[in-house]
Each structure stands twice: as structure tokens, then as C-alpha cells.
$ cat work11.csv   # CSV, C-alpha atoms
chain,number,residue,atom,x,y,z
C,1032,MET,CA,119.3,88.3,95.5
C,1033,THR,CA,119.0,88.8,99.3
C,1034,GLU,CA,116.2,91.3,98.6
C,1035,VAL,CA,114.2,88.7,96.8
C,1036,ILE,CA,114.8,86.1,99.5
C,1037,THR,CA,113.8,88.6,102.3
C,1038,LEU,CA,110.7,89.5,100.2
C,1039,ILE,CA,109.7,85.8,100.0
C,1040,ALA,CA,110.4,85.4,103.8
C,1041,GLY,CA,108.2,88.4,104.5
C,1042,ILE,CA,105.4,87.0,102.4
C,1043,ILE,CA,105.6,83.6,104.1
C,1044,VAL,CA,105.7,85.2,107.6
C,1045,GLY,CA,102.9,87.6,106.6
C,1046,VAL,CA,100.7,84.8,105.5
C,1047,ILE,CA,101.3,82.8,108.6
C,1048,TRP,CA,100.8,85.8,110.9
C,1049,ALA,CA,97.7,87.0,109.1
C,1050,TRP,CA,96.1,83.6,108.6
C,1051,PRO,CA,94.4,83.3,112.1
C,1052,ILE,CA,92.4,86.5,111.5
C,1053,ARG,CA,91.7,86.0,107.8
C,1054,LYS,CA,88.0,86.7,108.2
C,1055,ASP,CA,88.8,90.3,109.2
C,1056,LYS,CA,90.1,91.2,105.7
C,1057,GLU,CA,91.3,94.7,106.5
C,1058,HIS,CA,93.4,93.7,109.5
C,1059,THR,CA,94.5,90.6,107.7
C,1060,PHE,CA,96.0,92.6,104.9
C,1061,GLU,CA,97.6,95.1,107.4
C,1062,ARG,CA,99.3,92.2,109.2
C,1063,PHE,CA,100.5,90.8,106.0
C,1064,TYR,CA,101.8,94.2,104.8
C,1065,VAL,CA,103.6,94.9,108.1
C,1066,SER,CA,105.4,91.6,107.9
C,1067,VAL,CA,106.6,92.1,104.4
C,1068,VAL,CA,107.9,95.7,105.1
C,1069,PHE,CA,109.4,94.7,108.5
C,1070,ILE,CA,111.4,91.8,106.9
C,1071,ALA,CA,112.1,92.9,103.3
C,1072,ILE,CA,112.9,96.5,104.1
C,1073,GLY,CA,113.7,96.5,107.8
C,1074,LEU,CA,115.7,93.4,108.4
C,1075,ASN,CA,117.1,93.4,104.9
C,1076,GLY,CA,118.3,96.9,105.3
C,1077,ILE,CA,120.1,96.2,108.5
C,1078,PHE,CA,121.5,92.7,107.9
C,1079,PHE,CA,122.1,92.7,104.2
C,1080,GLY,CA,122.8,96.4,103.6
C,1081,PHE,CA,124.1,98.2,106.7
C,1082,ILE,CA,126.3,95.4,108.1
C,1083,PRO,CA,127.9,94.2,104.9
C,1084,HIS,CA,128.6,97.7,103.5
C,1085,ILE,CA,130.0,99.0,106.8
C,1086,PHE,CA,131.9,96.0,108.1
C,1087,PHE,CA,132.8,94.0,104.9
C,1088,ALA,CA,133.1,97.0,102.5
C,1089,ASP,CA,136.0,95.7,100.4
C,1090,TYR,CA,134.4,92.3,99.9
C,1091,ILE,CA,131.1,93.9,98.8
C,1092,ALA,CA,132.8,96.4,96.5
C,1093,LYS,CA,134.6,93.6,94.7
C,1094,ASN,CA,131.4,91.7,94.2
C,1095,ILE,CA,129.7,94.7,92.8
C,1096,GLY,CA,132.6,95.5,90.5
C,1097,TRP,CA,133.5,98.7,92.3
C,1098,PRO,CA,137.0,99.8,93.5
C,1099,THR,CA,137.8,98.8,97.1
C,1100,GLY,CA,138.8,101.2,99.9
C,1101,SER,CA,136.2,103.8,99.0
C,1102,PRO,CA,134.5,105.8,101.8
C,1103,PHE,CA,131.4,105.6,99.6
C,1104,GLN,CA,130.7,102.1,101.0
C,1105,PHE,CA,130.2,103.7,104.4
C,1106,GLU,CA,127.6,106.0,102.9
C,1107,VAL,CA,125.8,103.2,101.2
C,1108,GLY,CA,125.8,101.2,104.4
C,1109,ALA,CA,124.4,104.1,106.4
C,1110,HIS,CA,121.7,104.6,103.7
C,1111,ASP,CA,120.7,101.0,103.9
C,1112,GLY,CA,120.7,101.1,107.7
C,1113,CYS,CA,118.3,104.1,107.6
C,1114,TRP,CA,115.9,102.2,105.3
C,1115,GLY,CA,116.2,99.3,107.7
C,1116,ILE,CA,115.2,101.5,110.7
C,1117,LEU,CA,112.2,102.8,108.7
C,1118,GLY,CA,111.1,99.3,107.8
C,1119,ILE,CA,111.3,98.2,111.4
C,1120,LEU,CA,109.5,101.3,112.7
C,1121,SER,CA,106.7,100.7,110.1
C,1122,ALA,CA,105.6,97.7,112.2
C,1123,ARG,CA,105.0,100.1,115.1
C,1124,TYR,CA,103.5,103.1,113.4
C,1125,LYS,CA,101.7,101.4,110.5
C,1126,ARG,CA,99.3,103.5,108.4
C,1127,GLY,CA,101.0,106.2,106.3
C,1128,PHE,CA,104.4,105.1,107.7
C,1129,LEU,CA,104.1,101.8,106.0
C,1130,GLN,CA,103.2,103.4,102.7
C,1131,ALA,CA,105.9,106.1,102.9
C,1132,SER,CA,108.6,103.5,103.7
C,1133,SER,CA,107.3,101.3,100.8
C,1134,ILE,CA,107.2,104.2,98.3
C,1135,GLY,CA,110.5,105.7,99.3
C,1136,TYR,CA,112.3,102.4,99.2
C,1137,SER,CA,110.7,101.6,95.8
C,1138,ALA,CA,112.1,104.9,94.4
C,1139,PHE,CA,115.5,103.9,95.7
C,1140,LEU,CA,115.2,100.4,94.2
C,1141,LEU,CA,114.2,101.7,90.8
C,1142,ILE,CA,117.1,104.1,90.7
C,1143,ALA,CA,119.5,101.4,92.0
C,1144,GLY,CA,118.2,98.9,89.5
C,1145,GLY,CA,118.6,101.4,86.7
C,1146,ASN,CA,122.1,102.2,87.8
C,1147,HIS,CA,123.0,98.5,87.8
C,1148,LEU,CA,121.5,98.2,84.3
C,1149,ARG,CA,123.5,101.2,83.2
C,1150,GLU,CA,126.7,99.6,84.6
C,1151,VAL,CA,126.0,96.5,82.5
C,1152,VAL,CA,125.2,98.4,79.3
C,1153,LEU,CA,127.9,101.1,79.4
C,1154,LYS,CA,130.7,99.3,81.3
C,1155,GLY,CA,130.0,95.6,80.8
C,1156,ASN,CA,129.9,95.2,84.5
C,1157,TYR,CA,128.5,91.7,85.0
C,1158,ALA,CA,129.9,91.4,88.5
C,1159,PRO,CA,127.5,89.1,90.6
C,1160,TYR,CA,126.3,91.8,93.0
C,1161,ASN,CA,125.7,94.2,90.1
C,1162,PHE,CA,124.0,92.1,87.5
C,1163,GLN,CA,121.8,89.9,89.7
C,1164,TYR,CA,120.3,92.9,91.4
C,1165,ILE,CA,118.7,94.4,88.3
C,1166,ALA,CA,115.6,92.2,88.2
C,1167,GLY,CA,115.4,91.9,92.0
C,1168,ASP,CA,115.4,95.7,92.5
C,1169,ILE,CA,112.7,96.3,89.9
C,1170,LEU,CA,110.6,93.3,91.1
C,1171,LEU,CA,110.7,94.5,94.7
C,1172,ALA,CA,109.8,98.0,93.7
C,1173,ALA,CA,106.8,96.8,91.9
C,1174,VAL,CA,105.7,94.6,94.8
C,1175,PHE,CA,106.1,97.5,97.4
C,1176,LEU,CA,104.3,99.9,95.1
C,1177,PHE,CA,101.4,97.5,94.7
C,1178,LEU,CA,101.2,96.9,98.4
C,1179,ALA,CA,101.2,100.6,99.1
C,1180,TRP,CA,98.5,101.2,96.5
C,1181,LYS,CA,96.4,98.3,97.9
C,1182,TYR,CA,96.8,99.6,101.4
C,1183,SER,CA,95.6,103.0,100.3
C,1184,LYS,CA,92.3,101.4,99.1
C,1185,ARG,CA,91.3,100.0,102.5
C,1186,PRO,CA,88.8,101.7,104.7
C,1187,SER,CA,90.3,103.5,107.7
C,1188,LEU,CA,90.9,101.1,110.7
C,1189,ASP,CA,90.8,103.9,113.3
$ encode --input "work11.csv" --output "C-alpha cells"
Amino acid sequence: MTEVITLIAGIIVGVIWAWPIRKDKEHTFERFYVSVVFIAIGLNGIFFGFIPHIFFADYIAKNIGWPTGSPFQFEVGAHDGCWGILGILSARYKRGFLQASSIGYSAFLLIAGGNHLREVVLKGNYAPYNFQYIAGDILLAAVFLFLAWKYSKRPSLD
């Protein structure tokens, strides 16, 4: 759910930040795309992935339907933090960095969404942080893949 909220926040901020230069279509889209990636991958990865899995591991595990006390939570938190760093750096490096971050994060989301779905089907795991992330993961992956594709169609801004 936080992924969808940060996606919506990224879209809103992107529209607001890009609006003043809307006549320059290529730069307008880049500003929009940077905002979405920065917020929905960068800030989301740090604040809703890294921090919760590292510092509130047992709480998160219970809400996913996983056993508590697992060192795996640290690995998940580190993973989310690394995506967060890539999302934040995308605002600085743009170009292929934006696309690589979007595509890589989309691959992770599709795998994670598939795993959450598998947990529901095979184990009946309807825990809130498991079940509600199925659609969110797949939706976000589709949005990021679309944005990466759209960005690849623009003329070079160099």
C-alpha cells in the first residue's frame, strides 16, 4: 500500500514540478519521471523498506505472515535501502540511470508480487502486508516499465 501511495505522491509532485516548463515536452517528461522515481523508488525504499525492515523487523514480519526473529529481515531491509539509494541517485544522473532503476525495480516488484500471490494460493497467507501488496507490486511494475519505455522514445537531450 505504501508503494501505491508513494507512486501517487510522485505523480502529483512530478506534475507540479513539470508544469511550469510544459511547453518543452521532452524536459517536462524528464522532470515528471525523475520525480516519480525519486519518490516512489528512492524515498519509498528508504522510509518504507529499509527503516521498517531493519528497525521494526518483528512488527513487519508479523504483518507479512512471516516468523519473527529472522535475520532475513535485515537482508530485505538492506535490499530495499539499496533500491532507495538508486532511486535517489536517479534524480542526479538521469538518462539511463532512471531507466535502469525503473526496470530493475520493476523486475523485483514482479517477483515479489508473484511471491505474495504464491503465499496466498499455496499457504492461505492473507496477512495484511502479504495480500495487499500483490496488486500494488504488479501495478507499480507496469507503471515503471511504461515510464522507462516512454523515456527511451524521447530524442536525446544532450
$ residues_around --input "work11.csv" --residues "Ile1039 of chain C" --least-positions-apart "5" --cutoff "12 Å" --atoms "only C-alpha atoms" --output "PyMOL selection string"
chain C and resi 1032-1034+1044-1046+1066-1068+1070-1072+1075+1167+1170-1171+1174
$ write_last_selection --input "work11.csv" --atoms "C-alpha atoms" --output "JSON list (two decimals), in the coordinates of the input"
[["chain", "number", "residue", "atom", "x", "y", "z"],
["C", 1032, "MET", "CA", 119.30, 88.30, 95.50],
["C", 1033, "THR", "CA", 119.00, 88.80, 99.30],
["C", 1034, "GLU", "CA", 116.20, 91.30, 98.60],
["C", 1044, "VAL", "CA", 105.70, 85.20, 107.60],
["C", 1045, "GLY", "CA", 102.90, 87.60, 106.60],
["C", 1046, "VAL", "CA", 100.70, 84.80, 105.50],
["C", 1066, "SER", "CA", 105.40, 91.60, 107.90],
["C", 1067, "VAL", "CA", 106.60, 92.10, 104.40],
["C", 1068, "VAL", "CA", 107.90, 95.70, 105.10],
["C", 1070, "ILE", "CA", 111.40, 91.80, 106.90],
["C", 1071, "ALA", "CA", 112.10, 92.90, 103.30],
["C", 1072, "ILE", "CA", 112.90, 96.50, 104.10],
["C", 1075, "ASN", "CA", 117.10, 93.40, 104.90],
["C", 1167, "GLY", "CA", 115.40, 91.90, 92.00],
["C", 1170, "LEU", "CA", 110.60, 93.30, 91.10],
["C", 1171, "LEU", "CA", 110.70, 94.50, 94.70],
["C", 1174, "VAL", "CA", 105.70, 94.60, 94.80]]
$ atom_distance --input "work11.csv" --atom1 "atom CA of Phe1162 of chain C" --atom2 "atom CA of Gly1073 of chain C"
23.2 Å
$ closest_residue --input "work11.csv" --among "C:Arg1123, C:Ile1095, C:Leu1141, C:Tyr1160" --to "Glu1061 of chain C" --atoms "all atoms listed in the file"
C:Arg1123
$ closest_residue --input "work11.csv" --among "C:Phe1063, C:Phe1086, C:Phe1079, C:Tyr1164" --to "Phe1105 of chain C" --atoms "only C-alpha atoms"
C:Phe1086
$ atom_distance --input "work11.csv" --atom1 "atom CA of Phe1078 of chain C" --atom2 "atom CA of Lys1181 of chain C"
27.6 Å
$ atom_distance --input "work11.csv" --atom1 "atom CA of Phe1128 of chain C" --atom2 "atom CA of Trp1180 of chain C"
13.2 Å
$ closest_residue --input "work11.csv" --among "C:Gly1096, C:Ser1132, C:Ala1088, C:Ser1137" --to "Val1151 of chain C" --atoms "all atoms listed in the file"
C:Gly1096
$ closest_residue --input "work11.csv" --among "C:Ser1121, C:Gln1163, C:Ser1133, C:Gln1104" --to "Phe1087 of chain C" --atoms "all atoms listed in the file"
C:Gln1104
$ residues_around --input "work11.csv" --residues "Leu1129 of chain C" --least-positions-apart "4" --cutoff "10 Å" --atoms "all atoms listed in the file" --output "list in words"
Glu1061, Tyr1064, Val1065, Val1068, Phe1069, Leu1117, Gly1118, Ile1119, Leu1120, Ser1121, Ala1122, Arg1123, Tyr1124, Lys1125, Ser1133, Ile1134, Phe1175, Leu1178, Ala1179 and Tyr1182 of chain C
$ residues_near_point --input "work11.csv" --point "(92.3, 89.8, 107.2)" --cutoff "12 Å" --atoms "only C-alpha atoms" --output "PDB file with C-alpha atoms, keeping the file's coordinate frame"
ATOM      1  CA  GLY C1045     102.900  87.600 106.600  1.00  0.00           C
ATOM      2  CA  VAL C1046     100.700  84.800 105.500  1.00  0.00           C
ATOM      3  CA  ILE C1047     101.300  82.800 108.600  1.00  0.00           C
ATOM      4  CA  TRP C1048     100.800  85.800 110.900  1.00  0.00           C
ATOM      5  CA  ALA C1049      97.700  87.000 109.100  1.00  0.00           C
ATOM      6  CA  TRP C1050      96.100  83.600 108.600  1.00  0.00           C
ATOM      7  CA  PRO C1051      94.400  83.300 112.100  1.00  0.00           C
ATOM      8  CA  ILE C1052      92.400  86.500 111.500  1.00  0.00           C
ATOM      9  CA  ARG C1053      91.700  86.000 107.800  1.00  0.00           C
ATOM     10  CA  LYS C1054      88.000  86.700 108.200  1.00  0.00           C
ATOM     11  CA  ASP C1055      88.800  90.300 109.200  1.00  0.00           C
ATOM     12  CA  LYS C1056      90.100  91.200 105.700  1.00  0.00           C
ATOM     13  CA  GLU C1057      91.300  94.700 106.500  1.00  0.00           C
ATOM     14  CA  HIS C1058      93.400  93.700 109.500  1.00  0.00           C
ATOM     15  CA  THR C1059      94.500  90.600 107.700  1.00  0.00           C
ATOM     16  CA  PHE C1060      96.000  92.600 104.900  1.00  0.00           C
ATOM     17  CA  GLU C1061      97.600  95.100 107.400  1.00  0.00           C
ATOM     18  CA  ARG C1062      99.300  92.200 109.200  1.00  0.00           C
ATOM     19  CA  PHE C1063     100.500  90.800 106.000  1.00  0.00           C
ATOM     20  CA  TYR C1064     101.800  94.200 104.800  1.00  0.00           C
ATOM     21  CA  ARG C1185      91.300 100.000 102.500  1.00  0.00           C
ATOM     22  CA  LEU C1188      90.900 101.100 110.700  1.00  0.00           C
TER      23      LEU C1188
END
$ build_atoms --input "work11.csv" --residues "segment 1120-1139 of chain C" --atoms "N, CA and C atoms" --output "compact mmCIF listing (two decimals), in the coordinates of the input"
# COMPACT_ATOMS: atom_id res chain seq x y z
N LEU C 1120 110.44 100.42 112.06
CA LEU C 1120 109.50 101.30 112.70
C LEU C 1120 108.10 101.24 112.05
N SER C 1121 108.03 100.83 110.81
CA SER C 1121 106.70 100.70 110.10
C SER C 1121 105.84 99.69 110.85
N ALA C 1122 106.43 98.70 111.49
CA ALA C 1122 105.60 97.70 112.20
C ALA C 1122 104.97 98.36 113.43
N ARG C 1123 105.58 99.38 113.97
CA ARG C 1123 105.00 100.10 115.10
C ARG C 1123 103.99 101.14 114.73
N TYR C 1124 104.32 101.94 113.71
CA TYR C 1124 103.50 103.10 113.40
C TYR C 1124 102.47 102.87 112.29
N LYS C 1125 102.64 101.85 111.49
CA LYS C 1125 101.70 101.40 110.50
C LYS C 1125 101.20 102.59 109.60
N ARG C 1126 99.96 102.54 109.21
CA ARG C 1126 99.30 103.50 108.40
C ARG C 1126 100.16 104.17 107.34
N GLY C 1127 100.24 105.48 107.34
CA GLY C 1127 101.00 106.20 106.30
C GLY C 1127 102.50 105.88 106.39
N PHE C 1128 102.97 105.47 107.55
CA PHE C 1128 104.40 105.10 107.70
C PHE C 1128 104.76 103.94 106.84
N LEU C 1129 103.89 102.94 106.82
CA LEU C 1129 104.10 101.80 106.00
C LEU C 1129 104.20 102.18 104.50
N GLN C 1130 103.25 103.01 104.08
CA GLN C 1130 103.20 103.40 102.70
C GLN C 1130 104.42 104.30 102.34
N ALA C 1131 104.76 105.23 103.21
CA ALA C 1131 105.90 106.10 102.90
C ALA C 1131 107.19 105.29 102.83
N SER C 1132 107.36 104.34 103.72
CA SER C 1132 108.60 103.50 103.70
C SER C 1132 108.57 102.67 102.38
N SER C 1133 107.43 102.13 101.99
CA SER C 1133 107.30 101.30 100.80
C SER C 1133 107.62 102.16 99.52
N ILE C 1134 107.01 103.33 99.44
CA ILE C 1134 107.20 104.20 98.30
C ILE C 1134 108.59 104.73 98.17
N GLY C 1135 109.11 105.21 99.28
CA GLY C 1135 110.50 105.70 99.30
C GLY C 1135 111.49 104.66 98.92
N TYR C 1136 111.35 103.48 99.52
CA TYR C 1136 112.30 102.40 99.20
C TYR C 1136 112.13 101.93 97.78
N SER C 1137 110.91 101.96 97.25
CA SER C 1137 110.70 101.60 95.80
C SER C 1137 111.42 102.59 94.91
N ALA C 1138 111.36 103.87 95.24
CA ALA C 1138 112.10 104.90 94.40
C ALA C 1138 113.56 104.57 94.42
N PHE C 1139 114.10 104.28 95.60
CA PHE C 1139 115.50 103.90 95.70
C PHE C 1139 115.82 102.67 94.85
